[in-house]
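Engineer: Please find start_35.cif (mmCIF, N, CA and C atoms and all ligand atoms) on the next line:
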```
data_coords
#
loop_
_atom_site.label_atom_id
_atom_site.label_comp_id
_atom_site.auth_asym_id
_atom_site.auth_seq_id
_atom_site.Cartn_x
_atom_site.Cartn_y
_atom_site.Cartn_z
N MET L 1 -9.39 138.78 30.55
CA MET L 1 -8.82 140.01 31.11
C MET L 1 -7.59 140.41 30.29
N PRO L 2 -7.53 141.66 29.83
CA PRO L 2 -6.35 142.07 29.05
C PRO L 2 -5.07 142.09 29.89
N ARG L 3 -3.94 141.85 29.23
CA ARG L 3 -2.66 141.76 29.94
C ARG L 3 -2.33 142.93 30.86
N PRO L 4 -2.53 144.19 30.39
CA PRO L 4 -2.18 145.30 31.29
C PRO L 4 -2.99 145.27 32.58
N GLU L 5 -4.23 144.80 32.48
CA GLU L 5 -5.09 144.69 33.66
C GLU L 5 -4.57 143.62 34.62
N ILE L 6 -4.14 142.50 34.04
CA ILE L 6 -3.58 141.42 34.86
C ILE L 6 -2.30 141.90 35.53
N ALA L 7 -1.47 142.59 34.77
CA ALA L 7 -0.21 143.11 35.32
C ALA L 7 -0.50 144.05 36.50
N ALA L 8 -1.53 144.87 36.35
CA ALA L 8 -1.88 145.81 37.42
C ALA L 8 -2.37 145.06 38.65
N ARG L 9 -3.12 144.00 38.42
CA ARG L 9 -3.62 143.21 39.54
C ARG L 9 -2.47 142.55 40.30
N LEU L 10 -1.49 142.05 39.57
CA LEU L 10 -0.31 141.46 40.20
C LEU L 10 0.42 142.52 41.04
N ARG L 11 0.64 143.68 40.42
CA ARG L 11 1.34 144.75 41.14
C ARG L 11 0.58 145.17 42.39
N ASP L 12 -0.75 145.22 42.31
CA ASP L 12 -1.58 145.57 43.48
C ASP L 12 -1.31 144.63 44.65
N HIS L 13 -0.92 143.39 44.34
CA HIS L 13 -0.65 142.41 45.39
C HIS L 13 0.85 142.31 45.68
N GLY L 14 1.61 143.25 45.17
CA GLY L 14 3.04 143.28 45.43
C GLY L 14 3.84 142.27 44.62
N VAL L 15 3.27 141.81 43.52
CA VAL L 15 3.97 140.82 42.70
C VAL L 15 4.49 141.48 41.42
N GLN L 16 5.78 141.32 41.18
CA GLN L 16 6.39 141.84 39.96
C GLN L 16 5.87 141.02 38.76
N PRO L 17 5.23 141.67 37.80
CA PRO L 17 4.65 140.89 36.70
C PRO L 17 5.66 140.47 35.62
N THR L 18 6.38 139.38 35.88
CA THR L 18 7.31 138.83 34.89
C THR L 18 6.49 138.14 33.79
N PRO L 19 7.08 137.91 32.62
CA PRO L 19 6.33 137.24 31.55
C PRO L 19 5.74 135.89 31.98
N GLN L 20 6.53 135.09 32.73
CA GLN L 20 6.03 133.78 33.16
C GLN L 20 4.85 133.92 34.12
N ARG L 21 4.97 134.84 35.06
CA ARG L 21 3.86 135.04 36.02
C ARG L 21 2.60 135.50 35.30
N LEU L 22 2.80 136.34 34.28
CA LEU L 22 1.64 136.81 33.51
C LEU L 22 0.97 135.66 32.78
N GLU L 23 1.77 134.74 32.25
CA GLU L 23 1.20 133.59 31.54
C GLU L 23 0.35 132.75 32.49
N VAL L 24 0.87 132.52 33.70
CA VAL L 24 0.13 131.73 34.70
C VAL L 24 -1.14 132.49 35.11
N ALA L 25 -1.00 133.77 35.40
CA ALA L 25 -2.13 134.58 35.86
C ALA L 25 -3.22 134.68 34.79
N GLU L 26 -2.80 134.77 33.55
CA GLU L 26 -3.75 134.91 32.45
C GLU L 26 -4.72 133.73 32.42
N ILE L 27 -4.22 132.55 32.70
CA ILE L 27 -5.08 131.35 32.70
C ILE L 27 -5.88 131.27 33.99
N LEU L 28 -5.18 131.37 35.11
CA LEU L 28 -5.83 131.13 36.40
C LEU L 28 -6.84 132.21 36.78
N LEU L 29 -6.52 133.45 36.51
CA LEU L 29 -7.40 134.55 36.95
C LEU L 29 -8.45 134.93 35.91
N ASP L 30 -8.49 134.16 34.84
CA ASP L 30 -9.41 134.44 33.75
C ASP L 30 -10.87 134.42 34.17
N ARG L 31 -11.22 133.48 35.06
CA ARG L 31 -12.60 133.35 35.53
C ARG L 31 -12.58 132.61 36.86
N PRO L 32 -13.73 132.55 37.57
CA PRO L 32 -13.74 131.78 38.82
C PRO L 32 -13.49 130.30 38.51
N GLN L 33 -12.44 129.73 39.04
CA GLN L 33 -12.13 128.33 38.78
C GLN L 33 -11.15 127.78 39.81
N HIS L 34 -11.03 126.47 39.81
CA HIS L 34 -10.11 125.78 40.71
C HIS L 34 -9.21 124.91 39.87
N LEU L 35 -7.94 125.18 39.89
CA LEU L 35 -7.02 124.40 39.08
C LEU L 35 -5.89 123.86 39.94
N SER L 36 -5.48 122.62 39.67
CA SER L 36 -4.28 122.11 40.31
C SER L 36 -3.09 122.58 39.48
N ALA L 37 -1.89 122.46 40.05
CA ALA L 37 -0.68 122.86 39.32
C ALA L 37 -0.57 122.08 38.02
N GLU L 38 -0.92 120.79 38.07
CA GLU L 38 -0.83 119.93 36.88
C GLU L 38 -1.81 120.39 35.79
N GLN L 39 -3.02 120.71 36.21
CA GLN L 39 -4.02 121.19 35.23
C GLN L 39 -3.58 122.50 34.60
N LEU L 40 -3.01 123.35 35.42
CA LEU L 40 -2.53 124.63 34.92
C LEU L 40 -1.40 124.43 33.92
N LEU L 41 -0.51 123.51 34.27
CA LEU L 41 0.63 123.21 33.38
C LEU L 41 0.12 122.68 32.04
N GLU L 42 -0.89 121.82 32.08
CA GLU L 42 -1.48 121.28 30.84
C GLU L 42 -2.03 122.40 29.96
N ARG L 43 -2.73 123.34 30.58
CA ARG L 43 -3.30 124.45 29.81
C ARG L 43 -2.21 125.33 29.22
N LEU L 44 -1.15 125.54 30.02
CA LEU L 44 -0.04 126.35 29.52
C LEU L 44 0.58 125.68 28.29
N ARG L 45 0.80 124.35 28.40
CA ARG L 45 1.39 123.59 27.29
C ARG L 45 0.48 123.66 26.06
N ALA L 46 -0.83 123.54 26.29
CA ALA L 46 -1.79 123.59 25.18
C ALA L 46 -1.75 124.95 24.47
N ASN L 47 -1.39 125.99 25.23
CA ASN L 47 -1.27 127.33 24.65
C ASN L 47 0.10 127.56 24.04
N GLY L 48 0.93 126.52 24.06
CA GLY L 48 2.27 126.65 23.48
C GLY L 48 3.29 127.29 24.40
N SER L 49 2.95 127.38 25.70
CA SER L 49 3.88 127.99 26.65
C SER L 49 5.01 127.03 27.00
N ARG L 50 6.19 127.59 27.28
CA ARG L 50 7.31 126.74 27.68
C ARG L 50 7.72 127.01 29.13
N VAL L 51 6.83 127.58 29.91
CA VAL L 51 7.11 127.82 31.33
C VAL L 51 7.37 126.48 32.00
N SER L 52 8.44 126.41 32.81
CA SER L 52 8.80 125.13 33.43
C SER L 52 7.86 124.79 34.58
N LYS L 53 7.84 123.51 34.89
CA LYS L 53 7.01 123.02 35.98
C LYS L 53 7.38 123.70 37.30
N ALA L 54 8.69 123.82 37.54
CA ALA L 54 9.16 124.46 38.78
C ALA L 54 8.67 125.90 38.87
N THR L 55 8.69 126.61 37.75
CA THR L 55 8.22 128.00 37.74
C THR L 55 6.73 128.07 38.04
N VAL L 56 5.98 127.11 37.49
CA VAL L 56 4.54 127.08 37.76
C VAL L 56 4.29 126.89 39.26
N TYR L 57 4.99 125.93 39.86
CA TYR L 57 4.82 125.68 41.30
C TYR L 57 5.22 126.90 42.12
N ASN L 58 6.37 127.49 41.80
CA ASN L 58 6.82 128.67 42.54
C ASN L 58 5.85 129.83 42.40
N THR L 59 5.34 130.00 41.18
CA THR L 59 4.41 131.10 40.93
C THR L 59 3.12 130.91 41.70
N LEU L 60 2.61 129.68 41.73
CA LEU L 60 1.38 129.40 42.47
C LEU L 60 1.57 129.65 43.97
N ASN L 61 2.73 129.25 44.49
CA ASN L 61 3.01 129.52 45.91
C ASN L 61 3.03 131.01 46.18
N LEU L 62 3.70 131.73 45.31
CA LEU L 62 3.79 133.18 45.45
C LEU L 62 2.39 133.82 45.39
N PHE L 63 1.61 133.41 44.41
CA PHE L 63 0.26 133.97 44.25
C PHE L 63 -0.60 133.71 45.49
N SER L 64 -0.47 132.51 46.07
CA SER L 64 -1.31 132.25 47.23
C SER L 64 -0.79 132.97 48.47
N GLU L 65 0.54 133.12 48.57
CA GLU L 65 1.09 133.86 49.71
C GLU L 65 0.63 135.31 49.70
N CYS L 66 0.51 135.90 48.53
CA CYS L 66 0.15 137.32 48.49
C CYS L 66 -1.35 137.53 48.29
N GLY L 67 -2.13 136.44 48.35
CA GLY L 67 -3.58 136.59 48.34
C GLY L 67 -4.23 136.76 46.97
N LEU L 68 -3.48 136.51 45.92
CA LEU L 68 -4.07 136.59 44.57
C LEU L 68 -4.98 135.41 44.30
N VAL L 69 -4.64 134.27 44.85
CA VAL L 69 -5.48 133.06 44.75
C VAL L 69 -5.53 132.43 46.13
N ARG L 70 -6.46 131.50 46.29
CA ARG L 70 -6.55 130.78 47.55
C ARG L 70 -6.11 129.36 47.33
N GLU L 71 -5.26 128.88 48.22
CA GLU L 71 -4.80 127.50 48.11
C GLU L 71 -5.78 126.61 48.87
N LEU L 72 -6.26 125.56 48.22
CA LEU L 72 -7.19 124.64 48.87
C LEU L 72 -6.52 123.27 48.93
N SER L 73 -6.27 122.80 50.14
CA SER L 73 -5.69 121.47 50.28
C SER L 73 -6.82 120.50 50.60
N ILE L 74 -7.27 119.78 49.59
CA ILE L 74 -8.38 118.86 49.77
C ILE L 74 -7.87 117.59 50.43
N ASP L 75 -6.80 117.07 49.95
CA ASP L 75 -6.06 116.01 50.64
C ASP L 75 -4.61 116.17 50.19
N PRO L 76 -3.68 115.46 50.84
CA PRO L 76 -2.26 115.76 50.56
C PRO L 76 -1.88 115.65 49.08
N SER L 77 -2.61 114.83 48.33
CA SER L 77 -2.24 114.66 46.93
C SER L 77 -2.96 115.62 46.00
N ARG L 78 -3.89 116.39 46.56
CA ARG L 78 -4.67 117.28 45.70
C ARG L 78 -4.70 118.69 46.25
N LYS L 79 -3.91 119.54 45.69
CA LYS L 79 -3.92 120.94 46.07
C LYS L 79 -4.48 121.73 44.90
N PHE L 80 -5.45 122.58 45.18
CA PHE L 80 -6.04 123.39 44.12
C PHE L 80 -5.81 124.86 44.40
N TYR L 81 -5.81 125.64 43.34
CA TYR L 81 -5.68 127.08 43.47
C TYR L 81 -6.97 127.71 42.97
N ASP L 82 -7.56 128.50 43.85
CA ASP L 82 -8.89 129.05 43.62
C ASP L 82 -8.76 130.53 43.26
N SER L 83 -9.31 130.88 42.11
CA SER L 83 -9.21 132.29 41.69
C SER L 83 -10.21 133.18 42.42
N THR L 84 -11.12 132.57 43.17
CA THR L 84 -12.05 133.35 43.98
C THR L 84 -11.50 133.41 45.40
N THR L 85 -11.16 134.61 45.87
CA THR L 85 -10.48 134.71 47.16
C THR L 85 -11.40 135.12 48.30
N CYS L 86 -12.64 135.53 48.01
CA CYS L 86 -13.53 135.87 49.12
C CYS L 86 -14.04 134.57 49.77
N THR L 87 -14.56 134.68 51.00
CA THR L 87 -15.00 133.50 51.73
C THR L 87 -16.13 132.78 51.01
N HIS L 88 -15.95 131.52 50.76
CA HIS L 88 -17.00 130.69 50.20
C HIS L 88 -16.71 129.23 50.51
N HIS L 89 -17.63 128.37 50.15
CA HIS L 89 -17.51 126.95 50.50
C HIS L 89 -17.45 126.11 49.22
N HIS L 90 -17.25 124.80 49.40
CA HIS L 90 -17.06 123.96 48.21
C HIS L 90 -17.78 122.62 48.28
N PHE L 91 -18.21 122.17 47.11
CA PHE L 91 -18.52 120.77 46.88
C PHE L 91 -17.27 120.15 46.28
N PHE L 92 -16.93 118.95 46.74
CA PHE L 92 -15.82 118.24 46.12
C PHE L 92 -16.33 116.90 45.65
N HIS L 93 -16.35 116.72 44.34
CA HIS L 93 -16.81 115.45 43.77
C HIS L 93 -15.64 114.47 43.84
N VAL L 94 -15.77 113.46 44.70
CA VAL L 94 -14.62 112.60 44.99
C VAL L 94 -14.21 111.74 43.80
N GLU L 95 -15.15 111.43 42.92
CA GLU L 95 -14.80 110.57 41.79
C GLU L 95 -14.11 111.36 40.67
N SER L 96 -14.63 112.53 40.38
CA SER L 96 -14.06 113.32 39.28
C SER L 96 -12.93 114.23 39.75
N GLY L 97 -12.87 114.45 41.08
CA GLY L 97 -11.85 115.36 41.60
C GLY L 97 -12.19 116.82 41.32
N ARG L 98 -13.48 117.07 41.00
CA ARG L 98 -13.87 118.42 40.64
C ARG L 98 -14.42 119.19 41.83
N LEU L 99 -14.00 120.44 41.93
CA LEU L 99 -14.48 121.33 42.98
C LEU L 99 -15.46 122.32 42.39
N SER L 100 -16.53 122.62 43.12
CA SER L 100 -17.39 123.71 42.69
C SER L 100 -17.76 124.57 43.88
N ASP L 101 -18.07 125.81 43.62
CA ASP L 101 -18.30 126.78 44.69
C ASP L 101 -19.69 126.69 45.29
N ILE L 102 -19.76 126.95 46.57
CA ILE L 102 -21.02 127.16 47.27
C ILE L 102 -20.93 128.59 47.82
N PRO L 103 -21.86 129.46 47.42
CA PRO L 103 -21.78 130.84 47.93
C PRO L 103 -21.85 130.86 49.45
N HIS L 104 -21.11 131.79 50.03
CA HIS L 104 -21.01 131.95 51.48
C HIS L 104 -22.39 131.97 52.15
N GLU L 105 -23.35 132.71 51.54
CA GLU L 105 -24.65 132.92 52.19
C GLU L 105 -25.54 131.68 52.13
N GLN L 106 -25.13 130.66 51.40
CA GLN L 106 -25.96 129.45 51.32
C GLN L 106 -25.73 128.48 52.48
N ILE L 107 -24.75 128.77 53.31
CA ILE L 107 -24.49 127.89 54.44
C ILE L 107 -24.51 128.71 55.72
N ARG L 108 -25.30 128.22 56.67
CA ARG L 108 -25.35 128.88 57.97
C ARG L 108 -24.71 127.94 58.99
N ILE L 109 -23.72 128.43 59.66
CA ILE L 109 -22.99 127.58 60.60
C ILE L 109 -23.39 127.93 62.02
N MET L 110 -23.83 126.89 62.74
CA MET L 110 -24.27 127.11 64.13
C MET L 110 -23.54 126.13 65.04
N ASN L 111 -23.58 126.44 66.32
CA ASN L 111 -23.03 125.54 67.34
C ASN L 111 -21.55 125.20 67.12
N LEU L 112 -20.78 126.20 66.82
CA LEU L 112 -19.34 125.96 66.72
C LEU L 112 -18.78 125.75 68.11
N PRO L 113 -17.76 124.92 68.25
CA PRO L 113 -17.18 124.71 69.59
C PRO L 113 -16.47 125.97 70.08
N GLU L 114 -16.24 126.01 71.38
CA GLU L 114 -15.50 127.12 71.95
C GLU L 114 -14.08 127.09 71.39
N LEU L 115 -13.56 128.23 71.05
CA LEU L 115 -12.21 128.25 70.48
C LEU L 115 -11.17 128.00 71.57
N PRO L 116 -10.05 127.41 71.20
CA PRO L 116 -8.98 127.23 72.18
C PRO L 116 -8.56 128.58 72.78
N ALA L 117 -8.15 128.55 74.04
CA ALA L 117 -7.79 129.78 74.73
C ALA L 117 -6.74 130.55 73.93
N GLY L 118 -6.91 131.86 73.90
CA GLY L 118 -5.92 132.71 73.25
C GLY L 118 -6.02 132.75 71.74
N THR L 119 -7.10 132.20 71.18
CA THR L 119 -7.24 132.23 69.72
C THR L 119 -8.51 132.97 69.33
N GLU L 120 -8.56 133.41 68.10
CA GLU L 120 -9.78 133.99 67.56
C GLU L 120 -10.08 133.34 66.22
N GLN L 121 -11.35 133.33 65.86
CA GLN L 121 -11.73 132.67 64.62
C GLN L 121 -11.30 133.49 63.41
N GLU L 122 -10.63 132.84 62.48
CA GLU L 122 -10.25 133.54 61.26
C GLU L 122 -11.30 133.28 60.18
N SER L 123 -11.62 132.02 59.97
CA SER L 123 -12.64 131.69 58.98
C SER L 123 -13.14 130.28 59.21
N VAL L 124 -14.29 129.99 58.67
CA VAL L 124 -14.82 128.62 58.68
C VAL L 124 -15.15 128.29 57.24
N GLU L 125 -14.56 127.22 56.74
CA GLU L 125 -14.84 126.82 55.38
C GLU L 125 -15.38 125.41 55.37
N VAL L 126 -16.46 125.24 54.63
CA VAL L 126 -17.11 123.94 54.58
C VAL L 126 -16.76 123.25 53.27
N LEU L 127 -16.38 121.98 53.36
CA LEU L 127 -16.13 121.17 52.18
C LEU L 127 -17.10 120.00 52.23
N ILE L 128 -18.00 119.94 51.26
CA ILE L 128 -18.96 118.84 51.21
C ILE L 128 -18.50 117.87 50.14
N ARG L 129 -18.14 116.66 50.58
CA ARG L 129 -17.69 115.64 49.62
C ARG L 129 -18.91 114.94 49.03
N ILE L 130 -18.94 114.87 47.73
CA ILE L 130 -20.11 114.26 47.06
C ILE L 130 -19.64 113.17 46.09
N ARG L 131 -20.58 112.28 45.76
CA ARG L 131 -20.31 111.28 44.73
C ARG L 131 -21.59 111.03 43.96
N ASP L 132 -21.50 110.42 42.79
CA ASP L 132 -22.70 110.11 42.02
C ASP L 132 -23.49 109.05 42.75
N LYS L 133 -24.82 109.13 42.69
CA LYS L 133 -25.67 108.11 43.31
C LYS L 133 -25.44 106.77 42.62
N GLN L 134 -25.44 105.69 43.41
CA GLN L 134 -25.23 104.35 42.84
C GLN L 134 -26.43 103.93 41.99
ZN ZN J 201 -13.89 128.14 45.15
#
```
Written as structure tokens, how would this file's structure read?

Structural biologist:
Amino acid sequence: MPRPEIAARLRDHGVQPTPQRLEVAEILLDRPQHLSAEQLLERLRANGSRVSKATVYNTLNLFSECGLVRELSIDPSRKFYDSTTCTHHHFFHVESGRLSDIPHEQIRIMNLPELPAGTEQESVEVLIRIRDKQ
């Protein structure tokens, strides 16, 4: 995606496109993918970027707050940022730590429990943990 397009996308979500934010967005929003902050930082470094770790974390928080990416907390030590923001599900390969998408229409959810009083359903996301066969 060309830079002006990325900048426009950031502005559409109310984010001021600073040079550092553009660098992060350029990598993360490039294609459908799931990256942790550490993976993103590695890619930035490989591209010769000098964006600080703190800036990367702050930028990812900002992006997820404004809906540019989706934050996926697989477990407390593994937080991923998903460039696909529409409803979908995931396979999580526990050995490799890799996430892959399952299209929304491939899973049909039935027999959900009654919601607690005074609440409404926002979304249901399925995470299927997988491992290689022994
Ligand atoms: Zn995803």

Engineer: Between L:Ile6, L:Leu127, L:Ile102, L:Leu62, which one has atoms that come closest to ligand ZN 201 (chain J), using all atoms listed in the file?

Structural biologist: L:Ile102

Engineer: Could you pull out the helix (DSSP H, G or I) residues of chain L from DSSP and send them as a count of residues only?

Structural biologist: 46

Engineer: Need to verify the contact set: region 14-23 of chain L, 7 Å, all atoms listed in the file, exclusion of same-chain residues closer than 4 positions in sequence. Can you return it as a PyMOL selection string?

Structural biologist: chain L and resi 6-7+9-10+27-28+51+59+66

Engineer: Residues as selected, N, CA and C atoms, written as a compact mmCIF listing (two decimals), in the frame of the given file, can you do that?

Structural biologist:
```
# COMPACT_ATOMS: atom_id res chain seq x y z
N ILE L 6 -4.14 142.50 34.04
CA ILE L 6 -3.58 141.42 34.86
C ILE L 6 -2.30 141.90 35.53
N ALA L 7 -1.47 142.59 34.77
CA ALA L 7 -0.21 143.11 35.32
C ALA L 7 -0.50 144.05 36.50
N ARG L 9 -3.12 144.00 38.42
CA ARG L 9 -3.62 143.21 39.54
C ARG L 9 -2.47 142.55 40.30
N LEU L 10 -1.49 142.05 39.57
CA LEU L 10 -0.31 141.46 40.20
C LEU L 10 0.42 142.52 41.04
N ILE L 27 -4.22 132.55 32.70
CA ILE L 27 -5.08 131.35 32.70
C ILE L 27 -5.88 131.27 33.99
N LEU L 28 -5.18 131.37 35.11
CA LEU L 28 -5.83 131.13 36.40
C LEU L 28 -6.84 132.21 36.78
N VAL L 51 6.83 127.58 29.91
CA VAL L 51 7.11 127.82 31.33
C VAL L 51 7.37 126.48 32.00
N THR L 59 5.34 130.00 41.18
CA THR L 59 4.41 131.10 40.93
C THR L 59 3.12 130.91 41.70
N CYS L 66 0.51 135.90 48.53
CA CYS L 66 0.15 137.32 48.49
C CYS L 66 -1.35 137.53 48.29
```

Engineer: Using all atoms listed in the file, what are the residues with an atom within 6.5 Å of ligand ZN 201 (chain J), set out as a list in words?

Structural biologist: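 The residues near ligand ZN 201 (chain J) are Gln33, His34, Asp82, Ser83, Thr84, His88, His89, His90, Ser100, Asp101 and Ile102 of chain L.
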
Engineer: Might I get the box with edges along x, y and z of the file that holds all atoms of region 10-18 of chain L listed there, padded by 4 Å on every side, given as centre and edge lengths in Å to one decimal, as AutoDock Vina command-line options?

Structural biologist:
```
--center_x 2.9 --center_y 141.9 --center_z 39.7 --size_x 16.9 --size_y 15.4 --size_z 19.9
```

Engineer: What's the separation between atom C of Phe80 (chain L) and atom C of Leu60 (chain L), in Å to one decimal place?

Structural biologist: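 Rounded to one decimal, the two atoms are 8.8 Å apart.
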
Engineer: Among region 20-118 of chain L, which residues carry a DSSP assignment of strand (DSSP E or B), reported as a ChimeraX atom specification?

Structural biologist: /L:34-36,70-75,78-82,89-93,98-102
